[in-house]
file model_34.cif (mmCIF, C-alpha atoms and all ligand atoms)
data_start
loop_
_atom_site.label_atom_id
_atom_site.label_comp_id
_atom_site.auth_asym_id
_atom_site.auth_seq_id
_atom_site.Cartn_x
_atom_site.Cartn_y
_atom_site.Cartn_z
CA MET A 1 -205.00 -26.51 -147.37
CA SER A 2 -204.03 -26.58 -151.08
CA THR A 3 -205.94 -29.11 -153.18
CA SER A 4 -202.98 -29.82 -155.52
CA HIS A 5 -202.14 -32.96 -153.49
CA GLN A 6 -203.13 -36.13 -155.36
CA PRO A 7 -204.69 -38.63 -152.92
CA LYS A 8 -202.61 -41.80 -152.58
CA LYS A 9 -204.63 -45.00 -152.59
CA SER A 10 -201.72 -46.95 -151.09
CA LEU A 11 -201.97 -44.73 -147.97
CA GLY A 12 -205.74 -45.05 -147.69
CA GLN A 13 -206.19 -41.36 -148.47
CA ASN A 14 -209.90 -40.51 -148.55
CA PHE A 15 -210.14 -36.96 -147.31
CA LEU A 16 -213.17 -35.88 -145.32
CA HIS A 17 -214.79 -32.67 -146.54
CA GLU A 18 -218.37 -32.55 -145.18
CA ARG A 19 -218.45 -29.97 -142.40
CA VAL A 20 -221.27 -31.63 -140.47
CA TYR A 21 -219.27 -34.84 -139.96
CA ILE A 22 -216.06 -32.96 -139.20
CA GLU A 23 -217.88 -31.07 -136.45
CA ARG A 24 -219.40 -34.25 -135.04
CA ILE A 25 -215.99 -35.90 -134.87
CA VAL A 26 -214.43 -32.89 -133.14
CA GLN A 27 -217.33 -32.91 -130.68
CA ALA A 28 -216.87 -36.64 -130.05
CA VAL A 29 -213.15 -36.15 -129.37
CA GLY A 30 -214.18 -33.32 -127.04
CA PRO A 31 -210.78 -32.55 -125.51
CA GLN A 32 -210.84 -30.92 -122.09
CA PRO A 33 -208.31 -28.30 -120.99
CA GLY A 34 -204.99 -29.92 -120.12
CA GLU A 35 -205.64 -33.14 -122.08
CA ARG A 36 -203.19 -34.23 -124.76
CA VAL A 37 -204.67 -35.11 -128.11
CA VAL A 38 -202.92 -37.20 -130.76
CA GLU A 39 -204.39 -37.54 -134.25
CA ILE A 40 -203.42 -40.42 -136.53
CA GLY A 41 -203.26 -39.50 -140.25
CA PRO A 42 -204.13 -35.78 -140.33
CA GLY A 43 -203.99 -35.78 -144.14
CA GLN A 44 -204.98 -32.35 -145.41
CA GLY A 45 -206.08 -31.26 -141.96
CA ALA A 46 -209.87 -31.72 -142.17
CA ILE A 47 -210.09 -32.66 -138.49
CA THR A 48 -206.71 -31.23 -137.46
CA LEU A 49 -207.49 -27.58 -138.07
CA PRO A 50 -210.78 -27.43 -136.14
CA LEU A 51 -209.25 -29.50 -133.32
CA LEU A 52 -206.28 -27.16 -133.16
CA ARG A 53 -208.55 -24.09 -133.13
CA HIS A 54 -210.63 -25.65 -130.38
CA HIS A 55 -207.85 -27.07 -128.22
CA GLY A 56 -204.79 -24.92 -129.01
CA ALA A 57 -202.32 -27.81 -129.15
CA LEU A 58 -202.21 -31.13 -130.97
CA THR A 59 -199.79 -33.88 -131.96
CA VAL A 60 -200.31 -35.55 -135.34
CA ILE A 61 -198.73 -38.67 -136.84
CA GLU A 62 -198.51 -38.59 -140.64
CA PHE A 63 -196.58 -40.93 -142.92
CA ASP A 64 -196.94 -39.01 -146.20
CA ARG A 65 -193.93 -36.74 -146.66
CA ASP A 66 -195.84 -34.55 -149.13
CA LEU A 67 -198.31 -33.52 -146.42
CA ILE A 68 -195.80 -32.37 -143.79
CA ALA A 69 -195.03 -28.89 -145.18
CA PRO A 70 -198.69 -28.05 -145.91
CA LEU A 71 -199.69 -29.18 -142.40
CA THR A 72 -196.95 -27.02 -140.87
CA ALA A 73 -198.13 -24.02 -142.90
CA MET A 74 -201.77 -24.66 -142.01
CA ALA A 75 -201.07 -24.51 -138.28
CA ASP A 76 -199.17 -21.24 -138.49
CA GLY A 77 -200.81 -18.75 -136.15
CA VAL A 78 -203.56 -21.22 -135.18
CA GLY A 79 -201.97 -23.32 -132.45
CA GLU A 80 -199.11 -25.53 -131.40
CA LEU A 81 -198.97 -28.44 -133.86
CA THR A 82 -196.38 -31.16 -133.26
CA ILE A 83 -195.92 -33.32 -136.35
CA VAL A 84 -194.51 -36.83 -136.02
CA HIS A 85 -193.50 -37.91 -139.53
CA ARG A 86 -193.61 -41.71 -139.11
CA ASP A 87 -195.54 -44.87 -139.74
CA VAL A 88 -198.05 -44.93 -136.87
CA LEU A 89 -197.38 -48.65 -136.36
CA GLN A 90 -193.82 -47.69 -135.34
CA VAL A 91 -194.93 -45.04 -132.85
CA ASP A 92 -194.65 -45.96 -129.17
CA PHE A 93 -197.82 -44.42 -127.69
CA THR A 94 -196.66 -45.18 -124.17
CA ALA A 95 -193.49 -43.14 -124.69
CA LEU A 96 -195.49 -40.42 -126.43
CA ALA A 97 -197.89 -40.19 -123.49
CA ALA A 98 -194.97 -39.88 -121.05
CA GLY A 99 -197.13 -40.69 -118.03
CA THR A 100 -200.26 -38.69 -118.97
CA PRO A 101 -202.80 -40.80 -120.89
CA ILE A 102 -203.53 -39.34 -124.33
CA LYS A 103 -206.70 -38.99 -126.35
CA LEU A 104 -206.19 -40.72 -129.69
CA CYS A 105 -208.28 -39.87 -132.72
CA GLY A 106 -208.27 -40.12 -136.48
CA ASN A 107 -209.94 -40.97 -139.73
CA LEU A 108 -207.82 -44.08 -140.11
CA PRO A 109 -206.24 -45.37 -143.31
CA TYR A 110 -208.66 -48.27 -143.90
CA ASN A 111 -206.03 -50.59 -145.37
CA ILE A 112 -204.25 -50.82 -141.99
CA SER A 113 -207.09 -50.08 -139.57
CA SER A 114 -206.99 -53.47 -137.77
CA PRO A 115 -203.19 -53.36 -137.23
CA ILE A 116 -203.61 -49.82 -135.84
CA LEU A 117 -206.34 -51.02 -133.44
CA PHE A 118 -204.17 -53.91 -132.19
CA HIS A 119 -201.20 -51.56 -131.87
CA ALA A 120 -203.33 -49.20 -129.76
CA LEU A 121 -204.44 -52.13 -127.56
CA ASP A 122 -200.79 -52.85 -126.80
CA HIS A 123 -200.60 -49.33 -125.34
CA ALA A 124 -204.08 -49.20 -123.79
CA ALA A 125 -202.76 -48.10 -120.39
CA ALA A 126 -201.34 -44.95 -122.00
CA ILE A 127 -204.62 -44.05 -123.74
CA ARG A 128 -207.55 -42.20 -122.16
CA ASP A 129 -209.90 -42.84 -125.06
CA MET A 130 -209.98 -43.17 -128.85
CA VAL A 131 -212.35 -41.76 -131.45
CA PHE A 132 -211.76 -43.38 -134.81
CA MET A 133 -213.44 -43.40 -138.20
CA LEU A 134 -213.25 -46.76 -139.95
CA GLN A 135 -215.20 -48.79 -142.45
CA LYS A 136 -218.69 -49.32 -141.03
CA GLU A 137 -218.28 -53.06 -141.52
CA VAL A 138 -215.24 -53.00 -139.20
CA VAL A 139 -217.11 -50.95 -136.57
CA ASP A 140 -219.96 -53.48 -136.76
CA ARG A 141 -217.48 -56.27 -136.07
CA MET A 142 -215.85 -54.35 -133.21
CA GLY A 143 -219.14 -53.94 -131.35
CA ALA A 144 -220.76 -57.30 -132.22
CA GLY A 145 -221.97 -59.71 -129.54
CA PRO A 146 -221.86 -63.53 -129.44
CA GLY A 147 -224.29 -65.36 -131.67
CA THR A 148 -224.05 -62.82 -134.50
CA LYS A 149 -222.41 -63.44 -137.86
CA VAL A 150 -219.83 -60.70 -137.46
CA TYR A 151 -218.73 -61.58 -133.91
CA GLY A 152 -215.09 -62.61 -134.15
CA ARG A 153 -211.51 -62.11 -133.05
CA LEU A 154 -211.67 -58.32 -133.42
CA SER A 155 -214.86 -58.13 -131.30
CA VAL A 156 -213.41 -60.23 -128.48
CA MET A 157 -209.97 -58.60 -128.42
CA LEU A 158 -211.35 -55.06 -128.43
CA GLN A 159 -214.21 -55.67 -126.00
CA ALA A 160 -211.85 -57.42 -123.56
CA TYR A 161 -209.71 -54.33 -123.25
CA CYS A 162 -212.11 -51.48 -124.11
CA GLN A 163 -215.70 -50.33 -123.99
CA VAL A 164 -216.77 -50.10 -127.63
CA GLN A 165 -219.32 -47.37 -128.42
CA PRO A 166 -220.35 -47.03 -132.09
CA LEU A 167 -221.33 -43.36 -132.60
CA PHE A 168 -222.59 -42.57 -136.13
CA VAL A 169 -222.40 -43.56 -139.79
CA VAL A 170 -220.71 -41.43 -142.48
CA PRO A 171 -221.67 -41.92 -146.15
CA PRO A 172 -219.11 -42.23 -149.00
CA GLY A 173 -220.03 -38.78 -150.37
CA ALA A 174 -218.48 -37.10 -147.32
CA PHE A 175 -214.99 -37.97 -148.64
CA ARG A 176 -212.80 -37.14 -151.64
CA PRO A 177 -212.26 -39.48 -153.32
CA ALA A 178 -215.39 -41.31 -152.15
CA PRO A 179 -214.67 -44.80 -150.78
CA LYS A 180 -216.88 -47.66 -152.01
CA VAL A 181 -218.29 -48.36 -148.56
CA ASP A 182 -220.01 -46.62 -145.66
CA SER A 183 -217.83 -45.46 -142.79
CA ALA A 184 -218.62 -45.12 -139.09
CA VAL A 185 -217.18 -43.35 -136.08
CA VAL A 186 -216.55 -45.31 -132.90
CA ARG A 187 -215.33 -44.45 -129.42
CA LEU A 188 -213.12 -46.89 -127.52
CA VAL A 189 -212.53 -46.42 -123.81
CA PRO A 190 -209.78 -48.65 -122.38
CA ARG A 191 -210.88 -50.54 -119.28
CA ASP A 192 -208.92 -50.38 -116.05
CA PRO A 193 -206.27 -53.13 -116.57
CA ALA A 194 -206.85 -54.40 -113.01
CA GLY A 195 -210.54 -54.98 -113.80
CA VAL A 196 -209.98 -56.77 -117.12
CA GLY A 197 -208.67 -59.89 -115.35
CA ILE A 198 -206.46 -61.22 -118.16
CA GLU A 199 -203.45 -62.88 -116.51
CA ASP A 200 -201.31 -63.28 -119.62
CA ARG A 201 -202.07 -61.09 -122.64
CA ALA A 202 -200.12 -63.26 -125.08
CA ARG A 203 -201.93 -66.40 -123.93
CA PHE A 204 -205.32 -64.67 -124.23
CA ALA A 205 -204.47 -63.52 -127.77
CA GLU A 206 -203.38 -67.08 -128.66
CA VAL A 207 -206.63 -68.64 -127.39
CA VAL A 208 -208.84 -66.11 -129.21
CA ARG A 209 -206.87 -66.41 -132.45
CA ALA A 210 -207.02 -70.23 -132.40
CA ALA A 211 -210.73 -70.30 -131.49
CA PHE A 212 -211.72 -68.08 -134.40
CA GLY A 213 -209.10 -69.52 -136.77
CA GLN A 214 -211.60 -72.33 -137.38
CA ARG A 215 -214.86 -70.77 -136.26
CA ARG A 216 -217.06 -73.51 -137.71
CA LYS A 217 -215.39 -76.19 -135.60
CA THR A 218 -216.21 -77.00 -131.99
CA LEU A 219 -213.87 -75.39 -129.48
CA ARG A 220 -212.56 -78.87 -128.59
CA ASN A 221 -211.20 -79.16 -132.15
CA ALA A 222 -210.34 -75.53 -132.83
CA LEU A 223 -208.37 -75.35 -129.56
CA ALA A 224 -206.68 -78.76 -129.84
CA GLY A 225 -203.16 -78.31 -128.49
CA VAL A 226 -204.08 -74.94 -126.96
CA CYS A 227 -206.67 -75.86 -124.27
CA GLY A 228 -207.27 -79.31 -122.79
CA PRO A 229 -210.28 -80.86 -121.00
CA ALA A 230 -209.14 -79.64 -117.56
CA GLN A 231 -209.03 -76.07 -118.82
CA PHE A 232 -212.51 -76.29 -120.37
CA GLU A 233 -213.78 -77.61 -117.08
CA ALA A 234 -212.00 -74.99 -114.93
CA ALA A 235 -213.38 -72.25 -117.20
CA GLY A 236 -216.91 -73.69 -117.23
CA VAL A 237 -216.90 -73.75 -121.03
CA ALA A 238 -218.57 -76.56 -123.00
CA PRO A 239 -215.99 -78.10 -125.38
CA ASP A 240 -218.68 -78.67 -128.02
CA ALA A 241 -219.56 -74.96 -128.17
CA ARG A 242 -218.30 -72.82 -131.05
CA ALA A 243 -216.20 -69.68 -130.71
CA GLU A 244 -218.96 -67.48 -132.12
CA GLN A 245 -221.25 -68.45 -129.19
CA LEU A 246 -218.77 -67.67 -126.43
CA GLU A 247 -218.90 -64.38 -124.54
CA VAL A 248 -215.75 -62.37 -123.89
CA ALA A 249 -215.60 -63.30 -120.19
CA ALA A 250 -215.55 -67.01 -121.11
CA PHE A 251 -212.53 -66.48 -123.39
CA ILE A 252 -210.78 -64.77 -120.47
CA ARG A 253 -211.59 -67.69 -118.14
CA LEU A 254 -210.31 -70.20 -120.71
CA ALA A 255 -207.05 -68.32 -121.19
CA ASN A 256 -206.57 -67.97 -117.42
CA ALA A 257 -207.33 -71.65 -116.65
CA PRO A 258 -204.23 -73.45 -115.38
CA ALA A 259 -202.78 -76.14 -117.66
N1 LIG B 301 -207.63 -37.02 -141.41
C1 LIG B 301 -207.73 -36.77 -142.85
C2 LIG B 301 -209.18 -36.58 -143.22
O1 LIG B 301 -210.05 -36.97 -142.42
O2 LIG B 301 -209.44 -36.07 -144.29
C3 LIG B 301 -207.10 -37.90 -143.67
C4 LIG B 301 -207.64 -39.28 -143.43
S1 LIG B 301 -207.09 -40.48 -144.60
C5 LIG B 301 -208.42 -41.62 -144.51
C6 LIG B 301 -205.80 -41.39 -143.74
C7 LIG B 301 -204.51 -40.61 -143.45
O3 LIG B 301 -203.58 -41.50 -142.82
C8 LIG B 301 -203.80 -40.06 -144.67
O4 LIG B 301 -203.38 -38.74 -144.42
C9 LIG B 301 -202.58 -40.97 -144.85
O5 LIG B 301 -201.48 -40.35 -145.47
C10 LIG B 301 -202.29 -41.34 -143.39
N2 LIG B 301 -201.56 -42.61 -143.27
C11 LIG B 301 -201.66 -43.72 -144.03
N3 LIG B 301 -200.87 -44.71 -143.58
C12 LIG B 301 -200.25 -44.20 -142.47
C13 LIG B 301 -199.31 -44.73 -141.54
N4 LIG B 301 -198.85 -45.99 -141.64
N5 LIG B 301 -198.88 -43.94 -140.52
C14 LIG B 301 -199.35 -42.67 -140.39
N6 LIG B 301 -200.25 -42.10 -141.24
C15 LIG B 301 -200.69 -42.86 -142.26
#

call {"tool": "encode", "arguments": {"input": "model_34.cif", "output": "structure tokens", "more": "lines below"}}
Ligand code: SAM
result
Amino acid sequence: MSTSHQPKKSLGQNFLHERVYIERIVQAVGPQPGERVVEIGPGQGAITLPLLRHHGALTVIEFDRDLIAPLTAMADGVGELTIVHRDVLQVDFTALAAGTPIKLCGNLPYNISSPILFHALDHAAAIRDMVFMLQKEVVDRMGAGPGTKVYGRLSVMLQAYCQVQPLFVVPPGAFRPAPKVDSAVVRLVPRDPAGVGIEDRARFAEVVRAAFGQRRKTLRNALAGVCGPAQFEAAGVAPDARAEQLEVAAFIRLANAPA
């Protein structure tokens, strides 16, 4: 694609150019015949073009108007590219999937990567798996376990609904312009909703948010007004523990405990 496009910082535009990482991402996405693949933020097509060559058909969601015509031209004669020109946070993945779970992928705009992850969780039943590139620091938080410094709301929310598999690290030099930080690629595989065991998603989100809102406090204090003594007891959770020590299953038990 033409290089006349000036990267827009406001849209998190750091374009991948190192072939070795592009190939590893395409391999990680690994679409099988008949699967539908949706890429978030195709940009100048670094991942789009090889995916399209490999798979023959692809849907992409791109917000930057200036990239739509070049993407259309790039796909000409290569494969069937469907371009959704919208803010990804406004895209209904469940409607897009139309009954057949999609594979989601993308080198995400880092400024809105967490909102995109939470948006995807809202549509987890419509998603087969996700392969995303994000800041390495965010991937570390996504996969962290209890008792570590980076274990937090993002870790618990993602691990409750998905298997989180960090794949590999990508250095700043692989992008133009180079970001200031390392990046990493992660695979997320949504769990079977029946097996997750969360009775009320909004309640679960509320408990996790409150618990980590004041992570230095005991759960008794951090969850004042959200969970009472009977709920701690029913969940088998010590009220003087701290959120950062609690495993994901314990958060689920707390949220499910009757008032
Ligand atoms: N996939 C390309 C690559 O790897 O070189 C570009 C990745 S760049 C980090 C992020 C892309 O997401 C850009 O193309 C940007 O325009 C797009 N983007 C930013 N905000 C968006 C939004 N809200 N909805 C859809 N796309 C967005």

call {"tool": "residues_around", "arguments": {"input": "model_34.cif", "residues": "Val78 (chain A)", "least_positions_apart": "6", "cutoff": "12 Å", "atoms": "only C-alpha atoms", "output": "PDB file with C-alpha atoms, keeping the file's coordinate frame"}}
result
ATOM      1  CA  THR A  48    -206.710 -31.230-137.460  1.00  0.00           C
ATOM      2  CA  LEU A  49    -207.490 -27.580-138.070  1.00  0.00           C
ATOM      3  CA  PRO A  50    -210.780 -27.430-136.140  1.00  0.00           C
ATOM      4  CA  LEU A  51    -209.250 -29.500-133.320  1.00  0.00           C
ATOM      5  CA  LEU A  52    -206.280 -27.160-133.160  1.00  0.00           C
ATOM      6  CA  ARG A  53    -208.550 -24.090-133.130  1.00  0.00           C
ATOM      7  CA  HIS A  54    -210.630 -25.650-130.380  1.00  0.00           C
ATOM      8  CA  HIS A  55    -207.850 -27.070-128.220  1.00  0.00           C
ATOM      9  CA  GLY A  56    -204.790 -24.920-129.010  1.00  0.00           C
ATOM     10  CA  ALA A  57    -202.320 -27.810-129.150  1.00  0.00           C
ATOM     11  CA  LEU A  58    -202.210 -31.130-130.970  1.00  0.00           C
ATOM     12  CA  LEU A  71    -199.690 -29.180-142.400  1.00  0.00           C
ATOM     13  CA  THR A  72    -196.950 -27.020-140.870  1.00  0.00           C
TER      14      THR A  72
END

call {"tool": "residues_near_ligand", "arguments": {"input": "model_34.cif", "ligand": "ligand LIG 301 (chain B)", "cutoff": "9 Å", "atoms": "all atoms listed in the file", "output": "ChimeraX atom specification"}}
result
/A:7-17,22,39-48,60-67,84-91,106-112,116,133-134,175-176

call {"tool": "atom_distance", "arguments": {"input": "model_34.cif", "atom1": "CA of Pro166 (chain A)", "atom2": "CA of Gly143 (chain A)"}}
result
7.1 Å

call {"tool": "closest_residue", "arguments": {"input": "model_34.cif", "among": "A:Pro33, A:Pro101, A:Pro258, A:Pro177", "to": "Glu233 (chain A)", "atoms": "all atoms listed in the file"}}
result
A:Pro258

call {"tool": "atom_distance", "arguments": {"input": "model_34.cif", "atom1": "CA of Val131 (chain A)", "atom2": "CA of Gln163 (chain A)"}}
result
11.8 Å

call {"tool": "atom_distance", "arguments": {"input": "model_34.cif", "atom1": "CA of Val139 (chain A)", "atom2": "CA of Ser183 (chain A)"}}
result
8.3 Å

call {"tool": "residues_around", "arguments": {"input": "model_34.cif", "residues": "Gly213 (chain A)", "least_positions_apart": "6", "cutoff": "10 Å", "atoms": "only C-alpha atoms", "output": "number ranges by chain"}}
result
A: 152-153, 207, 222-223, 243

call {"tool": "write_last_selection", "arguments": {"input": "model_34.cif", "atoms": "C-alpha atoms", "output": "PDB file, in the coordinates of the input"}}
result
ATOM      1  CA  GLY A 152    -215.090 -62.610-134.150  1.00  0.00           C
ATOM      2  CA  ARG A 153    -211.510 -62.110-133.050  1.00  0.00           C
ATOM      3  CA  VAL A 207    -206.630 -68.640-127.390  1.00  0.00           C
ATOM      4  CA  ALA A 222    -210.340 -75.530-132.830  1.00  0.00           C
ATOM      5  CA  LEU A 223    -208.370 -75.350-129.560  1.00  0.00           C
ATOM      6  CA  ALA A 243    -216.200 -69.680-130.710  1.00  0.00           C
TER       7      ALA A 243
END

call {"tool": "closest_residue", "arguments": {"input": "model_34.cif", "among": "A:Phe168, A:Ala230, A:Ala174, A:Asn256", "to": "Glu206 (chain A)", "atoms": "all atoms listed in the file"}}
result
A:Asn256

call {"tool": "residues_around", "arguments": {"input": "model_34.cif", "residues": "Gln165 (chain A)", "least_positions_apart": "5", "cutoff": "9 Å", "atoms": "all atoms listed in the file", "output": "ChimeraX atom specification"}}
result
/A:143,185-189

call {"tool": "residues_near_point", "arguments": {"input": "model_34.cif", "point": "(-220.4, -48.1, -151.9)", "cutoff": "12 Å", "atoms": "all atoms listed in the file", "output": "list in words"}}
result
Gln135, Lys136, Glu137, Val170, Pro171, Pro172, Gly173, Phe175, Pro177, Ala178, Pro179, Lys180, Val181, Asp182 and Ser183 of chain A

call {"tool": "residues_around", "arguments": {"input": "model_34.cif", "residues": "Arg128 (chain A)", "least_positions_apart": "5", "cutoff": "10 Å", "atoms": "only C-alpha atoms", "output": "list of chain:residue names"}}
result
A:Glu35, A:Arg36, A:Val37, A:Ala97, A:Thr100, A:Pro101, A:Ile102, A:Lys103, A:Leu104, A:Leu188, A:Val189, A:Pro190, A:Arg191

call {"tool": "closest_atom_pairs", "arguments": {"input": "model_34.cif", "of": "region 138-181 of chain A", "to": "region 252-255 of chain A", "cutoff": "12 Å", "atoms": "only C-alpha atoms", "output": "Markdown table"}}
result
| residue | atom | partner | partner_atom | distance |
| --- | --- | --- | --- | --- |
| A:Val156 | CA | A:Ile252 | CA | 9.6 |
| A:Met157 | CA | A:Ile252 | CA | 10.1 |
| A:Gln159 | CA | A:Ile252 | CA | 11.2 |
| A:Ala160 | CA | A:Ile252 | CA | 8.0 |
| A:Tyr161 | CA | A:Ile252 | CA | 10.9 |
